[in-house]
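Peer 1: Let me give you the structure first, and then I'll get to my questions.
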Amino acid sequence: MAKSKITIDFTSVPNTNDFINIRETKTGRNINERFVKNRIYAGECSLPNFQPSTGTSDDRFLGSVGDFYSAAVEADYNQDNKFFVFNVNDSEDSGIGIVTIVADFDNAVFEVVSKFAPATITITNETVVITPPVEPTHSVSPTALLFDINSNIIKTTVQPISVKTAGAWSITSLIPSWLQLSSTSGSGNTTVQASLKNQQSQQDGDYSTVLEFKFGSTIINVAVNLSVERVLFNPFLTDKLYFTKELEYLSFDTKKTDTYFKLNVDVTVFDINTNAPTVYNREYDFPLFQGKGLFHIGTIAHALLNEIENLKNYVPSFNTNYLKSQIKPVEITINFCQKFYNNDDTILTAGTIPVFKMIKGHKPFVTSSQLALLTVAQQDIMKITPDSFIGVSFVCHENTTLLIKKNNALIESHQLTPDENSLIQSYYRFTNDFQPGDSIDLILANDLETRTQHYLVHFSGMESTFFLFENENGAVEPFEFTGRRRIFTPVKHTLSPVYKNRYAFDKKVKAELSQTMIINTGFLGKSDHKMLVALTSSINVWASMDDARGPYLKVDATTTKIANQDTSSSEESQDIEFNFLENAHASIYPR
């Protein structure tokens, strides 16, 4: 009895959205494939990738449309094996080939319904001796994968599956929501990368699936198993920045009684000026209460972060440039294991939390790009005088533009590129030509968001005292008092060679009140109060009198309010007392 075969000879690689529609009349089956860049749905056939010529090779195609077309027809229309489908590729790198489809039943008749593809189609309706070519050998390795989510840590994040074949292949089974594959079809030898997704929402338990790799009529199965057991929830991701004072904890929750966790914490701290690393190792035996516990990593990192010892290591010279990248965040890695109190030799659960990064202080307002101002008066309007300096510190993970506007007219612009070696950046202006009534904006902008620090220029007061202080985010921030200033000594300490050796105290808790400076703040607004609290709680404070360009002496704020006779009875103004430190002569900046 008559059978039928159809031969499709691709004369060139089809274009996207070309198609071939063939019908077999006895079964009424339409074989309709549309050519697309990458097959996603049934009825689609992938196209080989095109690689333009280089200095060492001509134009070439990676793979063959014949292989892809054969695999697509097999997957979409030959589940019942009524056809033989095979392909013979043309010359290597040509991307084309000849596909033959043979009906394996009597009275079959092929016909072309419609075609829009560069191919010659020949139909032979006669008795056909089916002699399919000897199918090449195929292999898939390994044939079993095991993923393990333990305490929200994927022990093996990506596992390769090696596919060896001379022809086309495809994965015909349903992919579960927790599994991700780099590709599900192809031609020739390749490696499929298998990884997990949606692991945050995966419930505890065991999961399994079987991947069916199909090579023509040959199927090779790969078993994939996933085990999920969460006894420790880790909120820290490797590609995100965290702040030491935020309430983000390692969270323990175990049903096993009489156990504790042993934590080995490596914290790498980088020098403020040189980024030279120092590695600290800390070990903790962390007890649980009723199987639960919270461990705050930020407290450890905050204690180990470097403090600013010298202002000149932090702020760039105002004579050379206004920008500086300053601090690399600490890098933290944690190894953990769960043990019984009465049996230290048995490890119940163990794992590693991959490296993540922290910076000092509270998290400012950030969005997905993590462009953030690290200043106390974030996006408030600050009062300055004509001779004031201005400045802002910030974190950005993307290319960012810094714009400086005066009365809404652009006066300066910088293109900033993130540097993985120095995370915090700062911008300062010590020399200005501001006039009362001017408005100044420091604007940071990238493709996603904008941050702005505003300044309004007021008339100069009786006396101006300029401060640079380290805020809680480890950044140096400027502030200016324009109130009355009193110094209880006739010695002009900024110039006296005697003063610098007068005292041996350089820490806040040891500071004496013999050489002091008292400033009456005058009226304080809401943002002034924030700055005042940050200034008086800072470990590192430098002050300059009547000149924003310096010299700056290191001082220490000891109180935010003295007595009623020295200040208003309300909180609208305060008297602030500062002590000059012995090592002030070494901190003068800039000359």
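Naming works like this for the structure tokens: A, B, ... for the chains as they're shown, residue 1 at the start of each chain, ligands 1 onward in shown order.
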Please provide as a VMD selection string all residues within 10 Å of Lys164 in chain A, with the sequence filter that same-chain residues fewer than 6 positions apart are discarded (counting only C-alpha atoms).
Peer 2: chain A and resid 137 to 141 187 to 191
Peer 1: Quick one: everything within 10 Å of Cys396 in chain A, counting only C-alpha atoms, minus sequence neighbours fewer than 4 positions away in the same chain. Send it as a list in words.
Peer 2: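 Returned residues: Val366, Ser369, Gln370, Leu371, Ala372, Leu373, Thr400, Leu416, Thr417, Pro418, Asp419, Leu423, Ile424, Gln425, Leu444, Ala445 and Asn446 of chain A.
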Peer 1: Those residues you just picked out, can you put them in a file as a short mmCIF file (atom, residue, chain, number, x, y, z; two decimals), in the first residue's frame with N, CA, C and O atoms?
Peer 2:
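part.cif, freshly written:
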data_model
loop_
_atom_site.label_atom_id
_atom_site.label_comp_id
_atom_site.auth_asym_id
_atom_site.auth_seq_id
_atom_site.Cartn_x
_atom_site.Cartn_y
_atom_site.Cartn_z
N VAL A 366 16.58 54.36 50.30
CA VAL A 366 17.15 53.80 49.09
C VAL A 366 16.04 53.13 48.29
O VAL A 366 14.97 52.83 48.80
N SER A 369 18.13 50.58 43.13
CA SER A 369 19.50 50.78 42.68
C SER A 369 20.46 51.03 43.83
O SER A 369 21.66 51.05 43.65
N GLN A 370 19.94 51.27 45.04
CA GLN A 370 20.73 51.57 46.22
C GLN A 370 21.59 52.81 46.05
O GLN A 370 22.72 52.88 46.51
N LEU A 371 21.05 53.80 45.38
CA LEU A 371 21.64 55.14 45.39
C LEU A 371 21.12 55.83 46.64
O LEU A 371 19.92 56.00 46.81
N ALA A 372 22.02 56.20 47.57
CA ALA A 372 21.57 56.69 48.87
C ALA A 372 22.48 57.80 49.35
O ALA A 372 23.70 57.71 49.21
N LEU A 373 21.88 58.84 49.93
CA LEU A 373 22.64 59.85 50.64
C LEU A 373 22.95 59.31 52.03
O LEU A 373 22.10 58.73 52.69
N THR A 400 26.39 57.34 37.83
CA THR A 400 25.59 58.41 38.41
C THR A 400 26.17 59.76 38.00
O THR A 400 27.38 59.90 37.84
N LEU A 416 30.07 59.94 37.50
CA LEU A 416 30.66 59.06 38.50
C LEU A 416 30.43 57.60 38.10
O LEU A 416 29.34 57.22 37.71
N THR A 417 31.48 56.81 38.21
CA THR A 417 31.40 55.38 37.93
C THR A 417 31.64 54.62 39.23
O THR A 417 32.62 54.88 39.92
N PRO A 418 30.76 53.68 39.59
CA PRO A 418 30.96 52.94 40.85
C PRO A 418 32.25 52.15 40.83
O PRO A 418 32.64 51.59 39.82
N ASP A 419 32.91 52.13 41.96
CA ASP A 419 34.17 51.41 42.13
C ASP A 419 33.97 50.39 43.23
O ASP A 419 33.69 50.74 44.38
N LEU A 423 33.33 52.15 48.26
CA LEU A 423 31.88 52.23 48.10
C LEU A 423 31.34 53.64 48.35
O LEU A 423 30.58 54.18 47.58
N ILE A 424 31.74 54.26 49.48
CA ILE A 424 31.25 55.59 49.80
C ILE A 424 32.01 56.61 48.97
O ILE A 424 33.22 56.54 48.82
N GLN A 425 31.28 57.58 48.44
CA GLN A 425 31.92 58.71 47.77
C GLN A 425 31.44 60.01 48.44
O GLN A 425 30.37 60.05 49.03
N LEU A 444 22.20 64.19 42.77
CA LEU A 444 22.71 62.91 42.29
C LEU A 444 21.60 62.24 41.50
O LEU A 444 20.47 62.11 41.99
N ALA A 445 21.90 61.79 40.29
CA ALA A 445 20.84 61.23 39.43
C ALA A 445 21.40 60.08 38.62
O ALA A 445 22.53 60.13 38.13
N ASN A 446 20.60 59.00 38.52
CA ASN A 446 20.89 57.94 37.55
C ASN A 446 19.60 57.63 36.80
O ASN A 446 18.65 58.41 36.85
#
Peer 1: When you look at Arg60 in chain A with a cut-off of 9 Å (counting only C-alpha atoms), what residues show up, excluding the ones that are within fewer than 2 positions of it in the same chain? I need them as a list in words.
Peer 2: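 Returned residues: Asn49, Phe50, Gln51, Pro52, Ser53, Ser57, Asp58, Leu62, Glu92, Asp93, Ser94 and Gly95 of chain A.
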Peer 1: Which of range 33-233 of chain A end up as alpha helix (DSSP H) when DSSP is run on this backbone - answer as a list in words?
Peer 2: Val65, Gly66, Asp67, Phe68, Tyr69, Ser70, Ala71, Ala72, Val73, Glu74, Ala75, Asp76 and Tyr77 of chain A
Peer 1: Grab the residues selected above and save them as a PDB file, in the first residue's frame with C-alpha atoms.
Peer 2:
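Below you can see out.pdb, which holds the result:
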ATOM      1  CA  VAL A  65      17.960  24.684  11.180  1.00  0.00           C
ATOM      2  CA  GLY A  66      17.578  21.078  10.001  1.00  0.00           C
ATOM      3  CA  ASP A  67      18.435  19.747  13.456  1.00  0.00           C
ATOM      4  CA  PHE A  68      16.120  22.230  15.163  1.00  0.00           C
ATOM      5  CA  TYR A  69      13.256  21.550  12.719  1.00  0.00           C
ATOM      6  CA  SER A  70      13.571  17.760  13.192  1.00  0.00           C
ATOM      7  CA  ALA A  71      13.520  18.140  16.986  1.00  0.00           C
ATOM      8  CA  ALA A  72      10.494  20.472  16.869  1.00  0.00           C
ATOM      9  CA  VAL A  73       8.467  18.122  14.621  1.00  0.00           C
ATOM     10  CA  GLU A  74       9.353  15.156  16.845  1.00  0.00           C
ATOM     11  CA  ALA A  75       8.283  16.994  20.005  1.00  0.00           C
ATOM     12  CA  ASP A  76       5.087  18.561  18.597  1.00  0.00           C
ATOM     13  CA  TYR A  77       3.619  15.999  16.160  1.00  0.00           C
TER      14      TYR A  77
END
Peer 1: Tell me which protein, DNA and RNA residues are within 12 Å of Ser251 in chain A, counting only C-alpha atoms, leaving out same-chain ones fewer than 3 positions away, and put them as an NGL selection string.
Peer 2: :A and (151-152 or 230-236 or 247-248 or 254 or 261 or 286 or 288-289 or 291-297)
Peer 1: Could you write those residues out with N, CA and C atoms, as a PDB file, in the first residue's frame?
Peer 2:
ATOM      1  N   SER A 151      18.830  25.655  55.722  1.00  0.00           N
ATOM      2  CA  SER A 151      18.861  26.945  56.407  1.00  0.00           C
ATOM      3  C   SER A 151      18.912  28.100  55.418  1.00  0.00           C
ATOM      4  N   ASN A 152      18.162  27.939  54.334  1.00  0.00           N
ATOM      5  CA  ASN A 152      18.062  28.964  53.294  1.00  0.00           C
ATOM      6  C   ASN A 152      19.356  29.151  52.512  1.00  0.00           C
ATOM      7  N   ARG A 230      14.759  24.174  56.721  1.00  0.00           N
ATOM      8  CA  ARG A 230      15.156  25.497  57.183  1.00  0.00           C
ATOM      9  C   ARG A 230      15.224  25.517  58.710  1.00  0.00           C
ATOM     10  N   VAL A 231      16.436  25.513  59.206  1.00  0.00           N
ATOM     11  CA  VAL A 231      16.611  25.716  60.646  1.00  0.00           C
ATOM     12  C   VAL A 231      17.234  27.086  60.897  1.00  0.00           C
ATOM     13  N   LEU A 232      17.702  27.731  59.817  1.00  0.00           N
ATOM     14  CA  LEU A 232      18.297  29.072  59.943  1.00  0.00           C
ATOM     15  C   LEU A 232      17.883  29.885  58.730  1.00  0.00           C
ATOM     16  N   PHE A 233      17.243  31.013  58.975  1.00  0.00           N
ATOM     17  CA  PHE A 233      16.861  31.889  57.866  1.00  0.00           C
ATOM     18  C   PHE A 233      17.906  32.987  57.736  1.00  0.00           C
ATOM     19  N   ASN A 234      18.486  33.085  56.537  1.00  0.00           N
ATOM     20  CA  ASN A 234      19.526  34.074  56.268  1.00  0.00           C
ATOM     21  C   ASN A 234      18.964  35.169  55.354  1.00  0.00           C
ATOM     22  N   PRO A 235      18.852  36.412  55.828  1.00  0.00           N
ATOM     23  CA  PRO A 235      18.307  37.486  54.984  1.00  0.00           C
ATOM     24  C   PRO A 235      19.348  38.162  54.099  1.00  0.00           C
ATOM     25  N   PHE A 236      20.629  37.769  54.221  1.00  0.00           N
ATOM     26  CA  PHE A 236      21.704  38.518  53.568  1.00  0.00           C
ATOM     27  C   PHE A 236      22.029  37.928  52.201  1.00  0.00           C
ATOM     28  N   LEU A 247      17.761  46.172  61.687  1.00  0.00           N
ATOM     29  CA  LEU A 247      17.291  44.985  62.408  1.00  0.00           C
ATOM     30  C   LEU A 247      17.148  43.814  61.442  1.00  0.00           C
ATOM     31  N   GLU A 248      18.275  43.317  60.968  1.00  0.00           N
ATOM     32  CA  GLU A 248      18.325  42.156  60.091  1.00  0.00           C
ATOM     33  C   GLU A 248      19.156  41.091  60.797  1.00  0.00           C
ATOM     34  N   THR A 254      14.442  25.558  65.137  1.00  0.00           N
ATOM     35  CA  THR A 254      14.650  24.121  64.984  1.00  0.00           C
ATOM     36  C   THR A 254      13.714  23.354  65.896  1.00  0.00           C
ATOM     37  N   PHE A 261      23.895  26.463  68.258  1.00  0.00           N
ATOM     38  CA  PHE A 261      24.590  26.672  66.998  1.00  0.00           C
ATOM     39  C   PHE A 261      25.988  27.220  67.266  1.00  0.00           C
ATOM     40  N   PHE A 286      26.063  29.828  70.157  1.00  0.00           N
ATOM     41  CA  PHE A 286      24.818  30.578  70.298  1.00  0.00           C
ATOM     42  C   PHE A 286      23.712  29.674  70.836  1.00  0.00           C
ATOM     43  N   LEU A 288      19.887  28.511  72.101  1.00  0.00           N
ATOM     44  CA  LEU A 288      18.527  28.725  71.617  1.00  0.00           C
ATOM     45  C   LEU A 288      17.548  28.656  72.777  1.00  0.00           C
ATOM     46  N   PHE A 289      16.456  29.405  72.662  1.00  0.00           N
ATOM     47  CA  PHE A 289      15.379  29.325  73.637  1.00  0.00           C
ATOM     48  C   PHE A 289      14.174  28.690  72.966  1.00  0.00           C
ATOM     49  N   GLY A 291      14.194  26.328  70.983  1.00  0.00           N
ATOM     50  CA  GLY A 291      14.552  26.054  69.593  1.00  0.00           C
ATOM     51  C   GLY A 291      14.649  27.275  68.713  1.00  0.00           C
ATOM     52  N   LYS A 292      14.528  28.483  69.281  1.00  0.00           N
ATOM     53  CA  LYS A 292      14.519  29.702  68.476  1.00  0.00           C
ATOM     54  C   LYS A 292      15.576  30.679  68.983  1.00  0.00           C
ATOM     55  N   GLY A 293      16.018  31.575  68.090  1.00  0.00           N
ATOM     56  CA  GLY A 293      16.979  32.591  68.482  1.00  0.00           C
ATOM     57  C   GLY A 293      17.258  33.540  67.333  1.00  0.00           C
ATOM     58  N   LEU A 294      17.659  34.790  67.665  1.00  0.00           N
ATOM     59  CA  LEU A 294      18.030  35.805  66.673  1.00  0.00           C
ATOM     60  C   LEU A 294      19.463  36.250  66.949  1.00  0.00           C
ATOM     61  N   PHE A 295      20.284  36.258  65.912  1.00  0.00           N
ATOM     62  CA  PHE A 295      21.696  36.637  66.056  1.00  0.00           C
ATOM     63  C   PHE A 295      21.959  37.839  65.153  1.00  0.00           C
ATOM     64  N   HIS A 296      22.397  38.960  65.765  1.00  0.00           N
ATOM     65  CA  HIS A 296      22.578  40.221  65.031  1.00  0.00           C
ATOM     66  C   HIS A 296      24.030  40.372  64.599  1.00  0.00           C
ATOM     67  N   ILE A 297      24.288  40.110  63.323  1.00  0.00           N
ATOM     68  CA  ILE A 297      25.634  40.213  62.774  1.00  0.00           C
ATOM     69  C   ILE A 297      26.108  41.662  62.751  1.00  0.00           C
TER      70      ILE A 297
END
Peer 1: Give me, as a list in words, all polymer residues having an atom no more than 8 Å from Trp169 in chain A, counting only C-alpha atoms and skipping those fewer than 2 positions away in the same chain.
Peer 2: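 Final neighbour list, sorted by chain and number: Ala71, Thr165, Gly167, Ile171, Ser185, Gly186, Ser187, Gly188, Phe213, Lys214, Phe215 and Gly216 of chain A.
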Peer 1: Which residues, written as a count of residues only, have at least one atom at most 10 Å from Gly97 in chain A, with only C-alpha atoms counted and residues fewer than 4 positions away on the same chain left out?
Peer 2: 18
Peer 1: Find, counting only C-alpha atoms, the residue in A:Phe35, A:Phe469, A:Phe83, A:Tyr427 that gets nearest to Val541 in chain A.
Peer 2: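 Of A:Phe35, A:Phe469, A:Phe83, A:Tyr427, the one nearest Val541 in chain A is A:Phe469, counting only C-alpha atoms.
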Peer 1: Which is closer to Ile384 in chain A than all the others in A:Glu309, A:Asp438, A:Glu480, A:Asp447, using only C-alpha atoms?
Peer 2: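 Of the candidates, the smallest distance to Ile384 in chain A is held by A:Glu480.
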Peer 1: Enter the distance from CA of Thr516 in chain A to CA of Ser388 in chain A, in Å, rounded to one decimal.
Peer 2: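 The value is 23.3 Å.
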Peer 1: When DSSP is applied to the backbone of this structure, which of range 65-164 of chain A are assigned strand (DSSP E)? Write them out as an NGL selection string.
Peer 2: :A and (83-89 or 97-103 or 110-116 or 119-126 or 139-141 or 144-150 or 153-154 or 158-164)
Peer 1: Quick one: distance from CA of Ala409 in chain A to CA of Thr465 in chain A in Å, one decimal?
Peer 2: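 Going from CA of Ala409 in chain A over to CA of Thr465 in chain A covers 28.7 Å.
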Peer 1: Quick one: everything within 8 Å of Arg282 in chain A, counting only C-alpha atoms, minus sequence neighbours fewer than 3 positions away in the same chain. Send it as a list in words.
Peer 2: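 Counting only the stated atoms, we get Asn264, Val265 and Asp266 of chain A.
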Peer 1: Can you spit out the residues from that selection as a CSV table (one decimal), in the first residue's frame, using C-alpha atoms?
Peer 2:
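Saved result, selection.csv, follows:
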chain,number,residue,atom,x,y,z
A,264,ASN,CA,32.4,31.0,62.9
A,265,VAL,CA,32.4,34.6,61.6
A,266,ASP,CA,35.0,36.0,59.3
Peer 1: Could you jot down the CA of Lys5 in chain A to CA of Glu33 in chain A separation for me, Å, one decimal place?
Peer 2: 17.5 Å
